[in-house]
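structure_0.pdb (PDB, C-alpha atoms and all ligand atoms)
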```pdb
ATOM      1  CA  MET A 316      18.085-124.708 -29.578
ATOM      2  CA  ALA A 317      19.012-126.431 -32.807
ATOM      3  CA  TYR A 318      15.574-126.359 -34.444
ATOM      4  CA  GLY A 319      14.217-122.817 -34.296
ATOM      5  CA  PHE A 320      10.507-122.213 -34.722
ATOM      6  CA  THR A 321      10.053-123.092 -38.382
ATOM      7  CA  ALA A 322       7.229-125.401 -39.447
ATOM      8  CA  ILE A 323       9.774-128.122 -40.261
ATOM      9  CA  GLY A 324      11.449-127.633 -36.893
ATOM     10  CA  VAL A 325       8.152-127.968 -35.035
ATOM     11  CA  ALA A 326       7.191-131.048 -37.122
ATOM     12  CA  GLN A 327      10.565-132.616 -36.293
ATOM     13  CA  ILE A 328      10.085-132.010 -32.577
ATOM     14  CA  ILE A 329       6.578-133.518 -32.668
ATOM     15  CA  ALA A 330       7.869-136.509 -34.643
ATOM     16  CA  TRP A 331      10.637-137.045 -32.058
ATOM     17  CA  ILE A 332       8.141-136.840 -29.186
ATOM     18  CA  VAL A 333       5.909-139.454 -30.879
ATOM     19  CA  VAL A 334       8.891-141.746 -31.571
ATOM     20  CA  VAL A 335      10.169-141.441 -27.982
ATOM     21  CA  ILE A 336       6.722-142.148 -26.471
ATOM     22  CA  LEU A 337       6.173-145.195 -28.706
ATOM     23  CA  ALA A 338       9.709-146.459 -27.964
ATOM     24  CA  VAL A 339       9.220-146.170 -24.175
ATOM     25  CA  ASP A 340       5.777-147.739 -24.480
ATOM     26  CA  PHE A 341       7.077-150.718 -26.451
ATOM     27  CA  LEU A 342      10.195-151.265 -24.307
ATOM     28  CA  SER A 343       8.286-151.009 -21.023
ATOM     29  CA  GLY A 344       5.727-153.452 -22.490
ATOM     30  CA  VAL A 345       8.510-155.937 -23.282
ATOM     31  CA  PHE A 346       9.821-155.693 -19.694
ATOM     32  CA  HIS A 347       6.283-156.071 -18.325
ATOM     33  CA  TRP A 348       5.718-159.129 -20.530
ATOM     34  CA  LEU A 349       9.001-160.721 -19.338
ATOM     35  CA  GLU A 350       8.099-159.910 -15.732
ATOM     36  CA  ASP A 351       4.595-161.379 -15.968
ATOM     37  CA  SER A 352       5.780-164.456 -17.819
ATOM     38  CA  TYR A 353       9.055-165.420 -16.193
ATOM     39  CA  ALA A 354       9.715-163.556 -12.923
ATOM     40  CA  ARG A 355       9.004-165.466  -9.695
ATOM     41  CA  PRO A 356       7.871-164.194  -6.301
ATOM     42  CA  GLU A 357      10.800-166.115  -4.722
ATOM     43  CA  THR A 358      13.408-164.266  -6.798
ATOM     44  CA  PRO A 359      15.581-162.274  -4.342
ATOM     45  CA  VAL A 360      14.918-158.488  -4.284
ATOM     46  CA  LEU A 361      12.930-158.563  -7.538
ATOM     47  CA  GLY A 362      10.300-160.818  -5.984
ATOM     48  CA  ARG A 363       9.625-158.481  -3.082
ATOM     49  CA  PHE A 364       9.803-155.143  -4.857
ATOM     50  CA  VAL A 365       8.494-156.001  -8.328
ATOM     51  CA  VAL A 366       6.884-159.426  -8.722
ATOM     52  CA  ASN A 367       4.633-159.519  -5.652
ATOM     53  CA  PRO A 368       3.255-155.970  -6.030
ATOM     54  CA  ASN A 369       2.655-156.808  -9.699
ATOM     55  CA  ILE A 370       0.682-159.977  -8.917
ATOM     56  CA  ILE A 371      -1.396-158.101  -6.346
ATOM     57  CA  HIS A 372      -2.049-155.403  -8.949
ATOM     58  CA  HIS A 373      -3.316-157.919 -11.499
ATOM     59  CA  HIS A 374      -5.962-159.142  -9.079
ATOM     60  CA  HIS A 375      -6.717-155.976  -7.104
ATOM     61  CA  PRO A 376      -6.089-153.147  -9.591
ATOM     62  CA  ARG A 377      -7.630-150.392  -7.516
ATOM     63  CA  ASP A 378      -5.265-150.945  -4.535
ATOM     64  CA  PHE A 379      -2.524-149.461  -6.646
ATOM     65  CA  VAL A 380      -4.502-146.235  -7.177
ATOM     66  CA  LYS A 381      -4.676-145.704  -3.425
ATOM     67  CA  SER A 382      -0.966-146.440  -2.858
ATOM     68  CA  PRO A 383       1.510-143.562  -2.252
ATOM     69  CA  PHE A 384       3.026-141.998  -5.417
ATOM     70  CA  TRP A 385       6.576-143.193  -4.686
ATOM     71  CA  HIS A 386       5.403-146.647  -3.796
ATOM     72  CA  ARG A 387       4.207-147.238  -7.354
ATOM     73  CA  ASN A 388       7.022-145.327  -9.101
ATOM     74  CA  ILE A 389      10.218-145.932  -7.148
ATOM     75  CA  VAL A 390      11.462-148.991  -9.105
ATOM     76  CA  THR A 391      10.957-147.491 -12.570
ATOM     77  CA  ALA A 392      12.264-144.107 -11.351
ATOM     78  CA  MET A 393      15.521-145.778 -10.259
ATOM     79  CA  LEU A 394      15.755-147.676 -13.555
ATOM     80  CA  GLY A 395      15.130-144.481 -15.532
ATOM     81  CA  GLY A 396      17.860-142.739 -13.509
ATOM     82  CA  ILE A 397      20.374-145.530 -14.160
ATOM     83  CA  VAL A 398      19.627-145.574 -17.913
ATOM     84  CA  PHE A 399      19.922-141.771 -18.007
ATOM     85  CA  VAL A 400      23.321-141.727 -16.279
ATOM     86  CA  LEU A 401      24.721-144.542 -18.464
ATOM     87  CA  ALA A 402      23.399-143.072 -21.727
ATOM     88  CA  ALA A 403      24.392-139.510 -20.808
ATOM     89  CA  ALA A 404      27.931-140.657 -19.933
ATOM     90  CA  THR A 405      28.401-142.473 -23.233
ATOM     91  CA  MET A 406      26.346-140.442 -25.719
ATOM     92  CA  GLY A 407      25.824-137.073 -24.064
ATOM     93  CA  ILE A 408      22.626-135.433 -22.864
ATOM     94  CA  THR A 409      19.906-134.660 -25.411
ATOM     95  CA  TRP A 410      16.327-133.553 -24.821
ATOM     96  CA  GLN A 411      15.175-136.832 -26.371
ATOM     97  CA  LEU A 412      17.139-138.777 -23.724
ATOM     98  CA  ILE A 413      15.637-136.640 -20.940
ATOM     99  CA  LEU A 414      12.134-137.238 -22.342
ATOM    100  CA  LEU A 415      12.731-140.977 -22.804
ATOM    101  CA  CYS A 416      14.068-141.507 -19.285
ATOM    102  CA  GLY A 417      11.504-139.129 -17.754
ATOM    103  CA  ILE A 418       8.522-140.940 -19.269
ATOM    104  CA  GLY A 419      10.092-144.347 -18.573
ATOM    105  CA  ALA A 420      10.754-143.392 -14.954
ATOM    106  CA  PHE A 421       7.086-142.563 -14.392
ATOM    107  CA  CYS A 422       5.355-144.934 -16.843
ATOM    108  CA  ASN A 423       3.560-146.561 -13.933
ATOM    109  CA  GLU A 424       1.868-143.259 -13.160
ATOM    110  CA  PHE A 425       0.345-143.219 -16.658
ATOM    111  CA  HIS A 426      -0.729-146.800 -15.926
ATOM    112  CA  CYS A 427      -2.327-145.655 -12.668
ATOM    113  CA  TRP A 428      -4.399-143.073 -14.569
ATOM    114  CA  ALA A 429      -5.942-145.915 -16.595
ATOM    115  CA  HIS A 430      -7.320-147.303 -13.310
ATOM    116  CA  ARG A 431      -8.737-144.021 -12.045
ATOM    117  CA  SER A 432     -12.193-142.632 -12.777
ATOM    118  CA  ALA A 433     -12.658-139.478 -14.859
ATOM    119  CA  GLU A 434     -13.431-137.579 -11.632
ATOM    120  CA  GLU A 435     -10.210-138.784 -10.031
ATOM    121  CA  ASN A 436      -8.173-137.939 -13.134
ATOM    122  CA  GLY A 437      -9.520-134.431 -13.689
ATOM    123  CA  ALA A 438     -10.196-132.652 -16.977
ATOM    124  CA  VAL A 439      -6.728-132.736 -18.587
ATOM    125  CA  ILE A 440      -5.966-136.454 -18.158
ATOM    126  CA  THR A 441      -9.545-137.378 -19.042
ATOM    127  CA  ALA A 442      -9.241-135.366 -22.268
ATOM    128  CA  LEU A 443      -5.944-137.151 -23.089
ATOM    129  CA  HIS A 444      -7.764-140.473 -22.618
ATOM    130  CA  ARG A 445     -10.759-139.415 -24.714
ATOM    131  CA  LEU A 446      -8.505-138.148 -27.509
ATOM    132  CA  ARG A 447      -6.662-141.501 -27.450
ATOM    133  CA  ILE A 448      -3.364-139.714 -26.830
ATOM    134  CA  LEU A 449      -2.852-141.748 -23.665
ATOM    135  CA  GLN A 450      -3.933-145.358 -23.256
ATOM    136  CA  THR A 451      -7.631-145.582 -22.457
ATOM    137  CA  PRO A 452      -8.874-147.360 -19.315
ATOM    138  CA  ARG A 453     -10.892-149.680 -21.562
ATOM    139  CA  HIS A 454      -7.790-150.707 -23.535
ATOM    140  CA  HIS A 455      -5.790-151.366 -20.347
ATOM    141  CA  ALA A 456      -8.659-153.443 -18.920
ATOM    142  CA  THR A 457      -7.762-156.168 -21.455
ATOM    143  CA  HIS A 458      -4.513-156.726 -19.504
ATOM    144  CA  HIS A 459      -6.542-157.498 -16.403
ATOM    145  CA  THR A 460      -8.839-159.886 -18.280
ATOM    146  CA  ASP A 461      -7.985-163.613 -18.181
ATOM    147  CA  PRO A 462      -5.652-165.093 -19.279
ATOM    148  CA  LYS A 463      -3.937-161.743 -18.658
ATOM    149  CA  ASN A 464      -1.412-162.202 -21.431
ATOM    150  CA  ARG A 465      -2.220-159.209 -23.640
ATOM    151  CA  ALA A 466      -1.785-155.425 -23.593
ATOM    152  CA  TYR A 467       1.493-155.225 -21.650
ATOM    153  CA  CYS A 468       2.234-151.686 -22.890
ATOM    154  CA  VAL A 469       0.584-149.038 -20.709
ATOM    155  CA  LEU A 470       1.248-145.659 -22.325
ATOM    156  CA  THR A 471      -0.750-145.787 -25.563
ATOM    157  CA  ASN A 472      -3.220-147.987 -27.440
ATOM    158  CA  TYR A 473      -0.870-148.248 -30.439
ATOM    159  CA  THR A 474       2.033-150.527 -29.483
ATOM    160  CA  ASN A 475       0.048-153.418 -27.972
ATOM    161  CA  PRO A 476      -1.169-154.804 -31.316
ATOM    162  CA  VAL A 477       2.509-155.171 -32.306
ATOM    163  CA  LEU A 478       3.648-156.765 -29.042
ATOM    164  CA  ASP A 479       0.525-158.930 -28.728
ATOM    165  CA  SER A 480       1.097-160.387 -32.175
ATOM    166  CA  ARG A 481       4.225-162.181 -30.883
ATOM    167  CA  GLY A 482       2.076-165.157 -29.832
ATOM    168  CA  ALA A 483      -0.309-165.230 -32.746
ATOM    169  CA  GLY A 484       2.075-164.374 -35.565
ATOM    170  CA  GLY A 485       5.327-165.220 -33.852
ATOM    171  CA  GLY A 486       8.769-164.033 -34.855
ATOM    172  CA  ILE A 487       8.590-160.440 -33.658
ATOM    173  CA  LEU A 488      10.186-161.388 -30.375
ATOM    174  CA  LEU A 489      11.996-164.482 -29.212
ATOM    175  CA  ASP A 490       9.247-166.016 -27.099
ATOM    176  CA  LEU A 491      11.616-168.196 -25.024
ATOM    177  CA  GLY A 492       9.582-171.294 -25.651
ATOM    178  CA  GLY A 493       6.209-169.609 -25.944
ATOM    179  CA  ALA A 494       5.612-169.457 -22.186
ATOM    180  CA  GLY A 495       4.128-165.947 -22.189
ATOM    181  CA  GLY A 496       1.377-165.682 -19.613
ATOM    182  CA  GLU A 497       1.727-169.200 -18.241
ATOM    183  CA  THR A 498       3.802-168.319 -15.204
ATOM    184  CA  LEU A 499       1.304-165.735 -14.148
ATOM    185  CA  GLU A 500      -1.511-168.225 -14.441
ATOM    186  CA  MET A 501       0.517-170.691 -12.390
ATOM    187  CA  LEU A 502       1.126-168.079  -9.709
ATOM    188  CA  LYS A 503      -2.518-167.156  -9.637
ATOM    189  CA  ARG A 504      -3.428-170.666  -8.551
ATOM    190  CA  HIS A 505      -1.390-170.060  -5.397
ATOM    191  CA  HIS A 506      -3.290-166.885  -4.503
TER
HETATM  192 ZN    ZN B   1       0.879-157.410 -15.944
HETATM  193 ZN    ZN B   2      -3.196-152.259 -14.460
END
```
How does this structure look as C-alpha cells?
Amino acid sequence: MAYGFTAIGVAQIIAWIVVVILAVDFLSGVFHWLEDSYARPETPVLGRFVVNPNIIHHHHPRDFVKSPFWHRNIVTAMLGGIVFVLAAATMGITWQLILLCGIGAFCNEFHCWAHRSAEENGAVITALHRLRILQTPRHHATHHTDPKNRAYCVLTNYTNPVLDSRGAGGGILLDLGGAGGETLEMLKRHH
C-alpha cells in the first residue's frame, strides 16, 4: 500500500473517497437527468430496461423497494463493469477505480434506501442518513415532487444544488435546448 498509516496518508485516503463519491454522484445524476429528459419508452432496449421502469418508479416509488435486488441494479452493474474493464485496460487498476465502479454499479441501491423506512433500513443505514453522509429520504423526495426536474443525484445531498442550478443559472451543462424535465411531463400525460 502506497500510503502507510500516517495522518497525511489517512487524510489523503479520506479525501479520495469523498472525491470519488461526489464524482459518481454527479455523473450518475447527469445520466439520470438525460434519461428523464430525453429518453423515450419506445427507444429499443433502453425503453424496456431503463425508461419504463424509471417512469413507473417516479409515480410508484415504493414498488421499487419491493423489487428483487438484481432487478433494480442489473443495468448499472453492467455499466459499472464495462467502465471498469475499459478503464482498467487503458489506465490500470487502482483502488479509486474499484471504488468508483463499485459505487456506480450499485448507486440504485443507495437510491432504494432513500425510499425505505428507518425500520427497513436498520441502524447503520439510518445513521448514515441522519448524519447526512448518504442522501436523506427527505432530500430525494424532491425528485418525486412535480415537476420532477430536480435532485437527479441520489448518493448525497451535496451535488444536487450544482446540477439543479443548470436551469436557473445556466451554463454549467449544455442543456440541449433547455428541455430538462419536459419529456417526463409529456410521458406522464400518457400514464
Ligand atoms: Zn428520475
Ligand atoms: Zn426515487
Taking all atoms listed in the file into account, which of A:Phe421, A:Val390, A:Thr409, A:Asp479 comes nearest A:Arg363?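 So, comparing all the options, the nearest one is A:Val390.
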If the limit is 10 Å from any atom of ligand ZN 2 (chain B), counting only C-alpha atoms and all ligand atoms, which residues qualify? Return them as a PyMOL selection string. chain A and resi 369+372-377+379-380+423+425-430+452+455-459+466-467+469
Given the PyMOL selection byres (((chain A and resi 337) around 12) and not hetatm), the residues it picks as an MDAnalysis selection string: chainID A and resid 330:336 338:344 414:415 418:419 422 448:450 468:475 477:478
Give me, please, the distance in Å between atom CA of A:Val345 and atom ZN of ligand ZN 1 (chain B), quoted to one decimal.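 That distance, rounded to one decimal, is 10.7 Å.
As for atom CA of A:Arg453 and atom CA of A:Val439, they are spaced 17.7 Å apart.
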Find the smallest box with edges along x, y and z containing every listed atom of stretch 375-387 of chain A, then add 3 Å on each side and report centre and edge lengths in Å to one decimal, as AutoDock Vina command-line options.
```
--center_x -0.5 --center_y -149.0 --center_z -5.9 --size_x 20.2 --size_y 20.0 --size_z 13.3
```
Expressed in Å to a single decimal, how great is the separation between atom CA of A:Arg447 and atom CA of A:Asn388? 23.2 Å
If you count only C-alpha atoms and all ligand atoms, the residue of A:His454, A:Ser382, A:Pro356, A:Lys463 closest to ligand ZN 1 (chain B) turns out to be A:Lys463
Which of A:Gly417, A:Thr358, A:Thr321, A:Arg465 sits closest to ligand ZN 1 (chain B) [using all atoms listed in the file]: A:Arg465
Selection near A:Leu361, 10 Å with all atoms listed in the file, sequence-local residues under 6 positions removed, as a VMD selection string: chain A and resid 350 354 to 355 367 390
Of the candidates A:Arg387, A:His347, A:Lys381, A:His444, which shows the shortest atom-to-atom distance to A:Ala420, using only C-alpha atoms?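 The shortest atom-to-atom distance to A:Ala420 comes from A:Arg387.
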